[in-house]
$ cat start.cif   # mmCIF, C-alpha atoms
data_structure
#
loop_
_atom_site.label_atom_id
_atom_site.label_comp_id
_atom_site.auth_asym_id
_atom_site.auth_seq_id
_atom_site.Cartn_x
_atom_site.Cartn_y
_atom_site.Cartn_z
CA MET A 1 0.00 0.00 0.00
CA GLN A 2 1.15 3.51 -0.81
CA HIS A 3 1.77 5.74 2.15
CA LYS A 4 2.07 9.47 2.49
CA PHE A 5 5.86 9.48 2.70
CA SER A 6 8.36 7.20 0.94
CA PRO A 7 12.14 6.73 1.23
CA ARG A 8 12.53 9.17 -1.67
CA THR A 9 10.48 11.97 -0.06
CA ARG A 10 12.66 14.97 0.63
CA MET A 11 12.93 15.68 4.38
CA PHE A 12 12.13 19.31 3.70
CA ASN A 13 8.79 18.32 2.14
CA LEU A 14 7.96 15.96 4.98
CA ILE A 15 8.35 18.68 7.61
CA ASN A 16 6.79 21.35 5.43
CA ASP A 17 3.78 19.16 4.78
CA ASP A 18 2.98 18.57 8.43
CA ALA A 19 4.87 20.77 10.88
CA SER A 20 3.68 18.71 13.84
CA LEU A 21 6.04 15.97 12.64
CA LEU A 22 9.04 18.16 13.46
CA SER A 23 9.10 17.13 17.12
CA SER A 24 8.98 13.46 16.12
CA VAL A 25 11.74 13.93 13.57
CA SER A 26 14.00 15.35 16.25
CA ARG A 27 13.22 12.44 18.58
CA PHE A 28 14.94 10.19 16.08
CA GLY A 29 18.04 12.29 16.59
CA ILE A 30 17.73 14.20 13.32
CA SER A 31 18.58 17.88 13.44
CA LEU A 32 17.66 20.73 11.10
CA GLY A 33 19.88 21.84 8.24
CA LEU A 34 18.63 18.98 6.11
CA GLY A 35 19.45 20.47 2.71
CA GLU A 36 17.94 18.56 -0.19
CA LYS A 37 18.38 15.15 1.45
CA THR A 38 15.70 12.48 1.10
CA VAL A 39 14.33 10.43 3.99
CA GLU A 40 16.55 7.51 2.97
CA GLU A 41 19.72 9.62 2.82
CA THR A 42 18.96 11.36 6.10
CA CYS A 43 18.37 8.06 7.89
CA LYS A 44 21.64 6.69 6.51
CA VAL A 45 23.67 9.69 7.66
CA ASN A 46 22.11 9.52 11.12
CA ASN A 47 22.30 5.74 11.37
CA ILE A 48 18.55 5.27 11.78
CA ASP A 49 16.46 2.36 10.56
CA CYS A 50 14.62 3.93 7.63
CA THR A 51 11.66 1.51 7.62
CA THR A 52 10.90 2.28 11.24
CA PHE A 53 11.33 6.02 10.80
CA LEU A 54 8.89 6.03 7.88
CA ALA A 55 6.42 3.76 9.65
CA VAL A 56 6.21 6.20 12.59
CA MET A 57 5.96 9.26 10.33
CA ASN A 58 3.23 7.69 8.19
CA PHE A 59 1.37 6.50 11.27
CA LEU A 60 1.34 10.06 12.64
CA ALA A 61 0.63 11.76 9.31
CA GLU A 62 -2.24 9.45 8.43
CA GLU A 63 -3.79 10.05 11.83
CA ASN A 64 -3.80 6.77 13.65
CA VAL A 65 -4.56 4.43 10.81
CA GLN A 66 -3.74 1.02 12.19
CA PRO A 67 -0.41 0.17 10.59
CA SER A 68 -1.31 -3.29 9.33
CA ASP A 69 1.26 -3.29 6.57
CA LEU A 70 3.65 -1.06 8.47
CA VAL A 71 4.44 -3.40 11.35
CA GLU A 72 6.61 -5.83 9.44
CA ASN A 73 10.36 -5.31 9.60
CA ILE A 74 10.08 -2.66 12.28
CA SER A 75 13.12 -2.23 14.49
CA LEU A 76 11.81 -2.15 18.03
CA GLU A 77 15.17 -0.88 19.30
CA THR A 78 14.66 2.18 17.13
CA VAL A 79 11.08 2.65 18.37
CA ILE A 80 12.23 2.37 21.99
CA GLY A 81 14.98 4.93 21.40
CA TYR A 82 12.39 7.23 19.88
CA LEU A 83 9.97 6.80 22.78
CA LYS A 84 12.73 7.37 25.34
CA ASN A 85 13.74 10.60 23.64
CA ALA A 86 10.11 11.70 23.72
CA HIS A 87 9.99 10.98 27.45
CA ALA A 88 13.10 13.04 28.09
CA TYR A 89 11.71 15.85 25.95
CA PHE A 90 8.47 16.13 27.92
CA LEU A 91 9.92 15.64 31.36
CA ASN A 92 13.22 17.50 31.18
CA TYR A 93 12.46 20.14 28.60
CA LYS A 94 8.85 20.96 27.72
CA LEU A 95 7.04 20.68 31.03
CA PRO A 96 9.61 22.70 33.02
CA ILE A 97 9.38 25.45 30.41
CA ILE A 98 5.58 25.53 30.57
CA ARG A 99 5.74 25.74 34.36
CA GLU A 100 8.16 28.63 34.19
CA LYS A 101 5.95 30.47 31.70
CA LEU A 102 2.85 29.79 33.75
CA ASN A 103 4.57 31.15 36.82
CA ASP A 104 5.59 34.20 34.84
CA ALA A 105 2.17 34.79 33.26
CA VAL A 106 0.09 34.81 36.43
CA LEU A 107 0.77 38.08 38.17
CA GLU A 108 1.93 37.96 41.73
CA ASN A 109 -0.34 40.18 43.76
CA GLU A 110 -2.34 39.90 46.91
CA GLN A 111 -5.55 39.12 45.10
CA LEU A 112 -4.07 36.33 43.00
CA HIS A 113 -1.64 34.84 45.49
CA SER A 114 -3.82 31.89 46.57
CA TYR A 115 -4.88 31.15 43.01
CA LYS A 116 -1.30 31.03 41.86
CA VAL A 117 -0.30 28.68 44.66
CA VAL A 118 -3.01 26.11 43.88
CA LEU A 119 -2.57 26.45 40.12
CA LEU A 120 1.13 25.64 40.30
CA LYS A 121 0.41 22.85 42.75
CA PHE A 122 -1.98 21.36 40.21
CA PHE A 123 0.66 21.59 37.54
CA ASP A 124 3.29 19.94 39.74
CA GLU A 125 0.94 17.07 40.53
CA TYR A 126 0.35 16.62 36.84
CA VAL A 127 4.09 16.49 36.14
CA ASP A 128 4.47 13.90 38.92
CA GLU A 129 1.92 11.71 37.16
CA VAL A 130 3.69 12.03 33.82
CA ALA A 131 6.97 11.18 35.54
CA LYS A 132 5.48 8.04 37.10
CA HIS A 133 4.10 6.88 33.77
CA ILE A 134 7.45 7.46 32.10
CA GLU A 135 9.46 5.78 34.83
CA TYR A 136 7.30 2.67 34.59
CA GLU A 137 7.95 2.41 30.86
CA ASP A 138 11.65 3.15 31.04
CA LYS A 139 12.31 0.76 33.94
CA ILE A 140 9.89 -2.09 33.28
CA VAL A 141 8.40 -2.11 29.80
CA PHE A 142 11.45 -1.26 27.68
CA PRO A 143 13.87 -3.66 29.42
CA TYR A 144 11.24 -6.40 29.09
CA VAL A 145 10.95 -5.78 25.35
CA MET A 146 14.74 -5.68 24.92
CA ASN A 147 14.89 -9.12 26.58
CA LEU A 148 12.18 -10.39 24.27
CA LEU A 149 14.21 -9.29 21.28
CA GLU A 150 17.07 -11.47 22.44
CA GLY A 151 14.65 -14.35 22.66
CA VAL A 152 14.61 -14.31 26.44
CA ASN A 153 11.27 -14.27 28.16
CA THR A 154 12.22 -14.33 31.79
CA SER A 155 9.20 -12.86 33.47
CA ASN A 156 5.52 -13.56 33.51
CA TYR A 157 5.08 -10.01 32.31
CA ARG A 158 2.97 -9.52 29.18
CA ILE A 159 2.70 -6.40 27.10
CA THR A 160 -1.04 -6.42 27.75
CA ASP A 161 -0.15 -5.59 31.39
CA PHE A 162 1.29 -2.40 29.99
CA GLU A 163 -2.04 -1.53 28.43
CA ASP A 164 -3.61 -1.88 31.85
CA HIS A 165 -1.12 0.50 33.43
CA HIS A 166 -1.36 3.02 30.66
CA THR A 167 -3.49 5.59 32.39
CA ASP A 168 -4.45 8.68 30.50
CA VAL A 169 -1.85 11.21 31.47
CA ASP A 170 -3.24 13.55 28.88
CA SER A 171 -6.63 13.89 30.59
CA LYS A 172 -5.13 16.01 33.34
CA ILE A 173 -3.46 18.47 31.02
CA ALA A 174 -6.87 18.86 29.34
CA GLU A 175 -8.32 19.70 32.74
CA LEU A 176 -5.72 22.40 33.33
CA LYS A 177 -6.56 23.86 29.94
CA ASN A 178 -10.29 23.85 30.83
CA ILE A 179 -9.61 25.55 34.15
CA LEU A 180 -7.63 28.35 32.53
CA ILE A 181 -10.24 28.89 29.83
CA LYS A 182 -13.23 28.81 32.16
CA TYR A 183 -12.09 30.00 35.57
CA HIS A 184 -9.04 32.21 35.27
CA PRO A 185 -9.87 35.03 37.67
CA THR A 186 -8.75 38.25 35.97
CA GLU A 187 -10.43 40.48 33.48
CA GLU A 188 -7.46 42.03 31.68
CA VAL A 189 -6.27 40.51 28.44
CA ASN A 190 -3.10 38.62 29.21
CA TYR A 191 -1.03 37.78 26.13
CA LYS A 192 1.52 35.84 28.14
CA LEU A 193 -1.20 33.62 29.53
CA ASN A 194 -2.62 33.07 26.04
CA ASP A 195 0.83 31.94 24.95
CA VAL A 196 1.00 29.46 27.81
CA LEU A 197 -2.43 28.18 26.90
CA LEU A 198 -1.45 27.66 23.28
CA GLU A 199 1.67 25.86 24.38
CA LEU A 200 -0.42 23.65 26.66
CA LEU A 201 -2.75 22.82 23.78
CA TRP A 202 0.19 21.90 21.61
CA CYS A 203 1.73 19.80 24.37
CA GLU A 204 -1.61 18.06 24.96
CA LYS A 205 -1.77 17.07 21.28
CA ASP A 206 1.87 16.03 21.27
CA LEU A 207 1.39 13.81 24.33
CA ALA A 208 -1.77 12.29 22.89
CA ALA A 209 0.09 11.45 19.66
CA HIS A 210 2.91 9.96 21.74
CA ASN A 211 0.44 7.72 23.57
CA MET A 212 -1.08 6.67 20.25
CA VAL A 213 2.34 5.57 19.01
CA GLU A 214 2.72 3.49 22.18
CA ASP A 215 -0.76 1.94 22.15
CA LEU A 216 -1.45 1.42 18.48
CA PHE A 217 2.03 1.05 17.06
CA PHE A 218 4.50 -0.19 19.67
CA VAL A 219 2.24 -2.57 21.63
CA PRO A 220 0.85 -4.52 18.62
CA VAL A 221 4.38 -5.16 17.30
CA VAL A 222 5.54 -6.39 20.71
CA GLU A 223 2.48 -8.60 20.91
CA LEU A 224 3.40 -10.23 17.60
CA ILE A 225 6.87 -11.06 18.89
CA GLU A 226 5.48 -12.35 22.17
CA ASN A 227 3.15 -14.71 20.35
CA LYS A 228 5.95 -15.97 18.11
CA LEU A 229 8.13 -16.71 21.14
CA LEU A 230 5.33 -18.45 22.99
CA ASN A 231 4.56 -20.59 19.95
CA THR A 232 8.19 -21.65 19.47
CA ALA A 233 8.37 -22.48 23.16
CA LYS A 234 5.36 -24.72 22.78
CA ALA A 235 6.58 -26.43 19.60
CA MET B 1 -19.93 21.36 23.72
CA THR B 2 -18.53 19.29 26.53
CA ASP B 3 -14.91 18.34 26.64
CA VAL B 4 -15.67 14.64 26.72
CA ILE B 5 -13.89 13.02 23.81
CA PHE B 6 -16.09 10.57 21.99
CA LYS B 7 -14.01 7.70 20.59
CA ILE B 8 -15.15 5.95 17.45
CA ALA B 9 -13.44 3.07 15.65
CA ILE B 10 -14.33 2.72 11.98
CA VAL B 11 -13.74 -0.71 10.44
CA ASP B 12 -13.99 -0.78 6.67
CA PRO B 13 -11.52 -1.85 3.98
CA SER B 14 -12.18 1.28 1.93
CA ALA B 15 -9.96 4.23 2.82
CA ILE B 16 -12.39 6.57 1.05
CA ILE B 17 -15.34 5.40 3.10
CA ARG B 18 -13.36 5.41 6.35
CA SER B 19 -12.05 8.93 5.96
CA GLY B 20 -15.36 10.22 4.59
CA LEU B 21 -17.27 8.87 7.58
CA SER B 22 -14.57 10.20 9.89
CA VAL B 23 -14.97 13.73 8.50
CA LEU B 24 -18.75 13.56 8.77
CA LEU B 25 -18.57 12.42 12.40
CA LYS B 26 -16.23 15.28 13.29
CA ARG B 27 -18.81 17.75 11.94
CA LEU B 28 -21.58 16.60 14.27
CA GLN B 29 -22.72 19.31 16.62
CA GLY B 30 -22.22 18.54 20.28
CA TYR B 31 -19.76 15.68 19.74
CA HIS B 32 -16.01 16.07 20.24
CA VAL B 33 -15.03 13.07 18.14
CA HIS B 34 -11.76 11.19 17.85
CA THR B 35 -11.75 8.42 15.23
CA PHE B 36 -9.58 5.35 14.68
CA GLU B 37 -9.52 3.96 11.18
CA LEU B 38 -9.05 0.20 10.95
CA ASN B 39 -8.78 -1.35 7.53
CA SER B 40 -9.36 -4.83 8.83
CA TYR B 41 -11.45 -6.56 11.47
CA GLU B 42 -8.43 -8.34 12.95
CA PHE B 43 -7.25 -5.16 14.71
CA LEU B 44 -10.55 -4.50 16.38
CA ALA B 45 -10.08 -6.59 19.51
CA SER B 46 -6.84 -4.83 20.43
CA ASN B 47 -8.31 -1.43 19.61
CA ILE B 48 -11.27 -2.07 21.91
CA ARG B 49 -8.92 -3.24 24.64
CA THR B 50 -6.55 -0.30 24.51
CA GLN B 51 -8.72 2.57 23.37
CA LYS B 52 -12.09 1.58 24.79
CA PRO B 53 -14.03 3.26 21.99
CA ASP B 54 -17.56 4.40 22.79
CA LEU B 55 -18.66 3.25 19.39
CA VAL B 56 -17.45 0.80 16.74
CA ILE B 57 -18.80 1.17 13.22
CA ILE B 58 -18.24 -1.97 11.15
CA ASN B 59 -19.10 -2.79 7.58
CA PRO B 60 -20.72 -6.25 7.87
CA THR B 61 -20.49 -6.85 4.12
CA TYR B 62 -16.89 -7.91 4.49
CA TRP B 63 -16.73 -9.84 7.72
CA GLY B 64 -20.05 -11.64 7.80
CA LEU B 65 -21.33 -12.35 11.26
CA VAL B 66 -19.35 -10.25 13.67
CA ASP B 67 -19.60 -11.59 17.17
CA THR B 68 -20.37 -8.29 18.87
CA GLU B 69 -21.59 -10.08 22.00
CA ASN B 70 -18.25 -11.79 22.39
CA LEU B 71 -16.32 -8.56 21.81
CA LYS B 72 -18.45 -6.91 24.47
CA ASN B 73 -17.97 -9.75 26.95
CA GLU B 74 -14.22 -9.81 26.49
CA ASN B 75 -14.09 -6.21 27.64
CA LYS B 76 -16.17 -6.17 30.74
CA ASN B 77 -15.45 -2.59 31.71
CA SER B 78 -16.10 -1.05 28.34
CA SER B 79 -19.49 0.14 27.24
CA THR B 80 -18.76 -0.07 23.55
CA HIS B 81 -21.72 0.09 21.17
CA PHE B 82 -21.72 -1.40 17.67
CA PHE B 83 -23.20 0.18 14.55
CA ALA B 84 -23.34 -1.51 11.16
CA LEU B 85 -22.21 0.52 8.16
CA ILE B 86 -24.31 -0.63 5.24
CA THR B 87 -22.86 -0.19 1.77
CA GLY B 88 -24.62 -3.04 -0.01
CA ALA B 89 -27.05 -5.89 0.50
CA VAL B 90 -26.74 -7.46 3.94
CA ASP B 91 -28.71 -10.29 5.49
CA ASP B 92 -31.14 -9.05 8.16
CA LYS B 93 -29.96 -11.79 10.53
CA VAL B 94 -26.44 -10.39 10.47
CA LEU B 95 -27.72 -6.98 11.46
CA GLU B 96 -29.45 -8.23 14.59
CA ALA B 97 -26.13 -8.12 16.43
CA TYR B 98 -25.85 -4.36 15.99
CA ASP B 99 -27.30 -1.52 18.04
CA GLU B 100 -27.98 0.65 15.00
CA LYS B 101 -27.37 0.91 11.25
CA ILE B 102 -25.78 3.69 9.23
CA HIS B 103 -26.41 3.73 5.49
CA LEU B 104 -23.95 4.97 2.92
CA TYR B 105 -26.29 7.80 1.88
CA ASP B 106 -27.32 8.93 5.37
CA ASP B 107 -26.94 12.67 5.84
CA THR B 108 -25.34 14.37 8.84
CA ASP B 109 -28.67 14.91 10.59
CA SER B 110 -29.74 11.31 10.44
CA VAL B 111 -26.34 10.06 11.63
CA LYS B 112 -26.58 12.51 14.53
CA ALA B 113 -30.11 11.32 15.31
CA LYS B 114 -28.85 7.73 15.44
CA LEU B 115 -26.02 8.65 17.80
CA ASP B 116 -28.34 10.76 19.95
CA GLY B 117 -30.65 7.76 20.21
CA ILE B 118 -27.96 5.66 21.84
CA PHE B 119 -25.70 8.10 23.62
CA ASP B 120 -26.64 10.57 26.28
CA ILE B 121 -24.50 13.52 25.25
CA LEU B 122 -25.05 16.70 27.21
CA ASP B 123 -26.43 19.54 25.19
CA SER B 124 -24.47 22.64 26.14
CA GLU B 125 -27.58 24.78 25.77
CA SER B 126 -29.61 22.64 28.13
CA GLU B 127 -30.32 23.41 31.75
CA GLU B 128 -27.75 20.85 32.88
CA PHE B 129 -25.14 23.54 32.49
CA GLN B 130 -26.63 25.82 35.05
CA SER B 131 -24.49 26.89 37.95
CA LEU B 132 -23.86 24.87 41.07
CA THR B 133 -26.45 24.53 43.81
CA PRO B 134 -25.55 25.72 47.35
CA ARG B 135 -25.40 22.07 48.43
CA GLU B 136 -22.92 21.25 45.67
CA LYS B 137 -20.77 24.18 46.79
CA GLU B 138 -20.76 22.81 50.36
CA ILE B 139 -19.62 19.47 49.01
CA ILE B 140 -16.79 21.07 47.03
CA VAL B 141 -15.59 22.80 50.21
CA GLY B 142 -15.54 19.42 51.98
CA VAL B 143 -13.63 17.72 49.16
CA VAL B 144 -11.11 20.52 48.87
CA LYS B 145 -10.49 20.53 52.63
CA GLY B 146 -9.55 16.87 52.32
CA TYR B 147 -12.55 15.19 53.92
CA THR B 148 -13.62 11.75 52.73
CA ASN B 149 -17.06 11.19 51.18
CA LYS B 150 -18.13 9.57 54.44
CA GLU B 151 -16.97 12.52 56.56
CA ILE B 152 -18.70 14.97 54.23
CA ALA B 153 -21.88 12.90 54.47
CA THR B 154 -21.77 12.93 58.27
CA ASN B 155 -21.07 16.67 58.46
CA LEU B 156 -23.92 17.56 56.11
CA PHE B 157 -26.37 14.92 57.41
CA LEU B 158 -26.49 13.14 54.04
CA SER B 159 -25.94 9.57 52.94
CA THR B 160 -22.58 8.69 51.38
CA HIS B 161 -24.46 7.68 48.26
CA THR B 162 -25.96 11.18 47.95
CA VAL B 163 -22.52 12.74 48.32
CA ILE B 164 -21.18 10.55 45.51
CA THR B 165 -24.10 11.56 43.28
CA HIS B 166 -23.42 15.24 44.03
CA ARG B 167 -19.73 14.79 43.21
CA ARG B 168 -20.57 13.21 39.90
CA ASN B 169 -22.86 16.14 39.04
CA ILE B 170 -20.20 18.64 40.08
CA ALA B 171 -17.60 16.96 37.87
CA ARG B 172 -20.00 17.07 34.93
CA LYS B 173 -21.06 20.67 35.41
CA LEU B 174 -17.57 22.08 35.93
CA GLU B 175 -15.68 19.59 33.75
CA ILE B 176 -13.21 19.22 36.58
CA HIS B 177 -12.57 15.71 37.86
CA SER B 178 -9.59 15.95 40.18
CA THR B 179 -9.42 17.29 43.71
CA ALA B 180 -6.51 19.54 42.69
CA GLY B 181 -8.72 21.01 39.96
CA LEU B 182 -11.63 21.55 42.34
CA THR B 183 -9.23 23.32 44.70
CA ILE B 184 -8.46 25.87 42.01
CA TYR B 185 -12.17 26.37 41.35
CA ALA B 186 -12.87 26.80 45.07
CA ILE B 187 -10.09 29.37 45.51
CA VAL B 188 -11.15 31.37 42.44
CA ASN B 189 -14.76 31.43 43.60
CA LYS B 190 -13.77 32.21 47.18
CA LEU B 191 -15.40 29.08 48.58
CA VAL B 192 -12.26 28.43 50.66
CA GLU B 193 -9.13 30.26 51.78
CA LEU B 194 -5.63 28.95 51.25
CA ASN B 195 -5.32 28.32 55.01
CA ASP B 196 -8.34 25.99 54.97
CA ILE B 197 -6.60 23.65 52.57
CA LYS B 198 -3.34 23.44 54.43
CA GLN B 199 -4.96 22.37 57.70
CA ARG B 200 -5.16 18.70 56.86
#
$ encode --input "start.cif" --output "structure tokens"
Amino acid sequence: MQHKFSPRTRMFNLINDDASLLSSVSRFGISLGLGEKTVEETCKVNNIDCTTFLAVMNFLAEENVQPSDLVENISLETVIGYLKNAHAYFLNYKLPIIREKLNDAVLENEQLHSYKVVLLKFFDEYVDEVAKHIEYEDKIVFPYVMNLLEGVNTSNYRITDFEDHHTDVDSKIAELKNILIKYHPTEEVNYKLNDVLLELLWCEKDLAAHNMVEDLFFVPVVELIENKLLNTAKA
Amino acid sequence: MTDVIFKIAIVDPSAIIRSGLSVLLKRLQGYHVHTFELNSYEFLASNIRTQKPDLVIINPTYWGLVDTENLKNENKNSSTHFFALITGAVDDKVLEAYDEKIHLYDDTDSVKAKLDGIFDILDSESEEFQSLTPREKEIIVGVVKGYTNKEIATNLFLSTHTVITHRRNIARKLEIHSTAGLTIYAIVNKLVELNDIKQR
């Protein structure tokens, strides 16, 4: 089946076509300054598995179409590296910046003091939840999958357990967005706050897309490998 | 429009039909829709398990008798409904397994009517969106101060069950589900002071 992007697509066109892919491109370790290079050439230079890179890009660009013909020949090591980079991006880069901007946008005065305290507390609790979710994946899920790839299935763990633990971290960021839109207690127009809100919206979408890659892309591929291993064990 | 995302899985081998239906669903007033497009039935079980869609729309022409009962039973906690997408002649028996049918030439209004018939989506212009009652405000204060449902019930001379019902209504009216979120609401609306929260 033909997909949106092929190995011969120029990287410039890929990013230009759908700017939201830029963050995913960088999570594969590809930086800007791409010249006229195609996807294939860029992957080669950066030592990335091209099939996997394209599968993720097409999955995101085609909006969550189940990748039936994409899952074959995927390098799970590459997917895990990608997911780990996404985790580091959210936790160590994006969320701290949003907190700083939020802190900066809400004026510090007597009237707003209490509001600001509870708002930031809400945000910190949200970040804690994201951190927990990420830690679970980095420490339990990814090592388990790496073992699977070497043909070792040491634990009774199954990737379906991961689905059970995969709570919706994005629902809380949506709540924060709702609270700002509906209940923010000042009447002056606040451009800085609007900027934070837009950044939150973007981050919400980015996180939701990240979870989709995990649930609908990563998990089904792992499941296939699990089943293969179980069947060989039986035979 | 509420902020509840309505998840719909569309199972049809035709990309044109899938994306066309997906666009139509996103236009429906009052529904904040997120669709999953599946080109084959074999991915449905895992989609239901991970995404817990509110609705699955399947074209029965291609997969004959779909065991919707079994799919429902396998996912005890999900309340997934099944609609048939009819693009050609289908045996009436096959259709008995489905909650509703969508025809290829249905317009937006009739699709919406079919969804409205099954799902209880809040109309943002209805009275449900009126402000909180004094009782609900008292309950928020209790929650924000860190009392349990049981303690709130005792303090207000209510049953725990009533408190839970109030909390559900509050969450729906405000679109805030967490205690931390309610705390912000309570501070903004001067239902509590910062000192009240820190006591416990």
$ resolve_selection --input "start.cif" --expression "the PyMOL selection byres ((chain A and resi 77) around 12)" --output "list in words"
Phe28, Ile48, Asp49, Thr52, Phe53, Asn73, Ile74, Ser75, Leu76, Thr78, Val79, Ile80, Gly81, Tyr82, Leu83, Lys84, Phe142, Pro143, Tyr144, Val145, Met146, Asn147, Leu148, Leu149, Glu150, Phe218, Val221 and Val222 of chain A
$ closest_atom_pairs --input "start.cif" --of "chain B" --to "chain A" --cutoff "9 Å" --atoms "all atoms listed in the file" --output "JSON lines"
{"residue": "B:Asp3", "atom": "CA", "partner": "A:Asn178", "partner_atom": "CA", "distance": 8.3}
{"residue": "B:Thr35", "atom": "CA", "partner": "A:Asn64", "partner_atom": "CA", "distance": 8.3}
{"residue": "B:Phe36", "atom": "CA", "partner": "A:Asn64", "partner_atom": "CA", "distance": 6.0}
{"residue": "B:Glu37", "atom": "CA", "partner": "A:Val65", "partner_atom": "CA", "distance": 5.0}
{"residue": "B:Leu38", "atom": "CA", "partner": "A:Gln66", "partner_atom": "CA", "distance": 5.5}
{"residue": "B:Asn39", "atom": "CA", "partner": "A:Gln66", "partner_atom": "CA", "distance": 7.3}
{"residue": "B:Ser40", "atom": "CA", "partner": "A:Ser68", "partner_atom": "CA", "distance": 8.2}
{"residue": "B:Phe43", "atom": "CA", "partner": "A:Gln66", "partner_atom": "CA", "distance": 7.5}
{"residue": "B:Ser46", "atom": "CA", "partner": "A:Pro220", "partner_atom": "CA", "distance": 7.9}
{"residue": "B:Asn47", "atom": "CA", "partner": "A:Leu216", "partner_atom": "CA", "distance": 7.5}
{"residue": "B:Arg49", "atom": "CA", "partner": "A:Glu163", "partner_atom": "CA", "distance": 8.0}
{"residue": "B:Thr50", "atom": "CA", "partner": "A:Glu163", "partner_atom": "CA", "distance": 6.1}
{"residue": "B:Gln51", "atom": "CA", "partner": "A:Asp215", "partner_atom": "CA", "distance": 8.1}
{"residue": "B:Leu174", "atom": "CA", "partner": "A:Lys182", "partner_atom": "CA", "distance": 8.9}
{"residue": "B:Glu175", "atom": "CA", "partner": "A:Glu175", "partner_atom": "CA", "distance": 7.4}
{"residue": "B:Ile176", "atom": "CA", "partner": "A:Glu175", "partner_atom": "CA", "distance": 6.2}
{"residue": "B:His177", "atom": "CA", "partner": "A:Glu175", "partner_atom": "CA", "distance": 7.8}
{"residue": "B:Ser178", "atom": "CA", "partner": "A:Lys172", "partner_atom": "CA", "distance": 8.2}
{"residue": "B:Ala180", "atom": "CA", "partner": "A:Phe122", "partner_atom": "CA", "distance": 5.5}
{"residue": "B:Gly181", "atom": "CA", "partner": "A:Phe122", "partner_atom": "CA", "distance": 6.8}
{"residue": "B:Thr183", "atom": "CA", "partner": "A:Val118", "partner_atom": "CA", "distance": 6.9}
{"residue": "B:Ile184", "atom": "CA", "partner": "A:Val118", "partner_atom": "CA", "distance": 5.8}
{"residue": "B:Tyr185", "atom": "CA", "partner": "A:Tyr183", "partner_atom": "CA", "distance": 6.8}
{"residue": "B:Ile187", "atom": "CA", "partner": "A:Tyr115", "partner_atom": "CA", "distance": 6.0}
{"residue": "B:Val188", "atom": "CA", "partner": "A:Pro185", "partner_atom": "CA", "distance": 6.1}
{"residue": "B:Asn189", "atom": "CA", "partner": "A:Pro185", "partner_atom": "CA", "distance": 8.5}
{"residue": "B:Glu193", "atom": "CA", "partner": "A:Ser114", "partner_atom": "CA", "distance": 7.6}
{"residue": "B:Leu194", "atom": "CA", "partner": "A:Ser114", "partner_atom": "CA", "distance": 5.8}
$ write_last_selection --input "start.cif" --atoms "C-alpha atoms" --output "short mmCIF file (atom, residue, chain, number, x, y, z; two decimals), in the frame of the given file"
data_model
loop_
_atom_site.label_atom_id
_atom_site.label_comp_id
_atom_site.auth_asym_id
_atom_site.auth_seq_id
_atom_site.Cartn_x
_atom_site.Cartn_y
_atom_site.Cartn_z
CA ASP B 3 -14.91 18.34 26.64
CA THR B 35 -11.75 8.42 15.23
CA PHE B 36 -9.58 5.35 14.68
CA GLU B 37 -9.52 3.96 11.18
CA LEU B 38 -9.05 0.20 10.95
CA ASN B 39 -8.78 -1.35 7.53
CA SER B 40 -9.36 -4.83 8.83
CA PHE B 43 -7.25 -5.16 14.71
CA SER B 46 -6.84 -4.83 20.43
CA ASN B 47 -8.31 -1.43 19.61
CA ARG B 49 -8.92 -3.24 24.64
CA THR B 50 -6.55 -0.30 24.51
CA GLN B 51 -8.72 2.57 23.37
CA LEU B 174 -17.57 22.08 35.93
CA GLU B 175 -15.68 19.59 33.75
CA ILE B 176 -13.21 19.22 36.58
CA HIS B 177 -12.57 15.71 37.86
CA SER B 178 -9.59 15.95 40.18
CA ALA B 180 -6.51 19.54 42.69
CA GLY B 181 -8.72 21.01 39.96
CA THR B 183 -9.23 23.32 44.70
CA ILE B 184 -8.46 25.87 42.01
CA TYR B 185 -12.17 26.37 41.35
CA ILE B 187 -10.09 29.37 45.51
CA VAL B 188 -11.15 31.37 42.44
CA ASN B 189 -14.76 31.43 43.60
CA GLU B 193 -9.13 30.26 51.78
CA LEU B 194 -5.63 28.95 51.25
#
$ atom_distance --input "start.cif" --atom1 "atom CA of A:Glu137" --atom2 "atom CA of A:Lys177"
25.9 Å
$ closest_residue --input "start.cif" --among "B:Val143, B:Leu132, B:Ala84, B:Leu158" --to "B:Ile170" --atoms "all atoms listed in the file"
B:Leu132
$ residues_near_point --input "start.cif" --point "(-16.8, 12.7, 54.0)" --cutoff "12 Å" --atoms "all atoms listed in the file" --output "PyMOL selection string"
chain B and resi 138-164+167
$ atom_distance --input "start.cif" --atom1 "atom CA of B:Leu182" --atom2 "atom CA of A:Val127"
17.6 Å
$ residues_around --input "start.cif" --residues "A:Asp195" --least-positions-apart "6" --cutoff "10 Å" --atoms "only C-alpha atoms" --output "list in words"
Ile98, Lys101, Leu102, Ala105 and Leu201 of chain A
$ closest_residue --input "start.cif" --among "B:Ser22, B:Asp120, B:Ile57, B:Pro134" --to "B:Glu100" --atoms "all atoms listed in the file"
B:Ile57
$ atom_distance --input "start.cif" --atom1 "atom CA of B:Lys173" --atom2 "atom CA of B:His32"
16.6 Å
$ axis_aligned_box --input "start.cif" --around "stretch 5-14 of chain B" --padding-each-side "4 Å" --output "JSON"
{"center_x": -13.8, "center_y": 5.6, "center_z": 12.9, "size_x": 12.6, "size_y": 22.9, "size_z": 29.9}
$ residues_around --input "start.cif" --residues "A:Ala131" --least-positions-apart "4" --cutoff "12 Å" --atoms "only C-alpha atoms" --output "list in words"
His87, Ala88, Tyr89, Phe90, Leu91, Asn92, Leu95, Asp124, Glu125, Tyr126, Val127, Glu135, Tyr136, Glu137, Asp138, Lys139 and Val169 of chain A
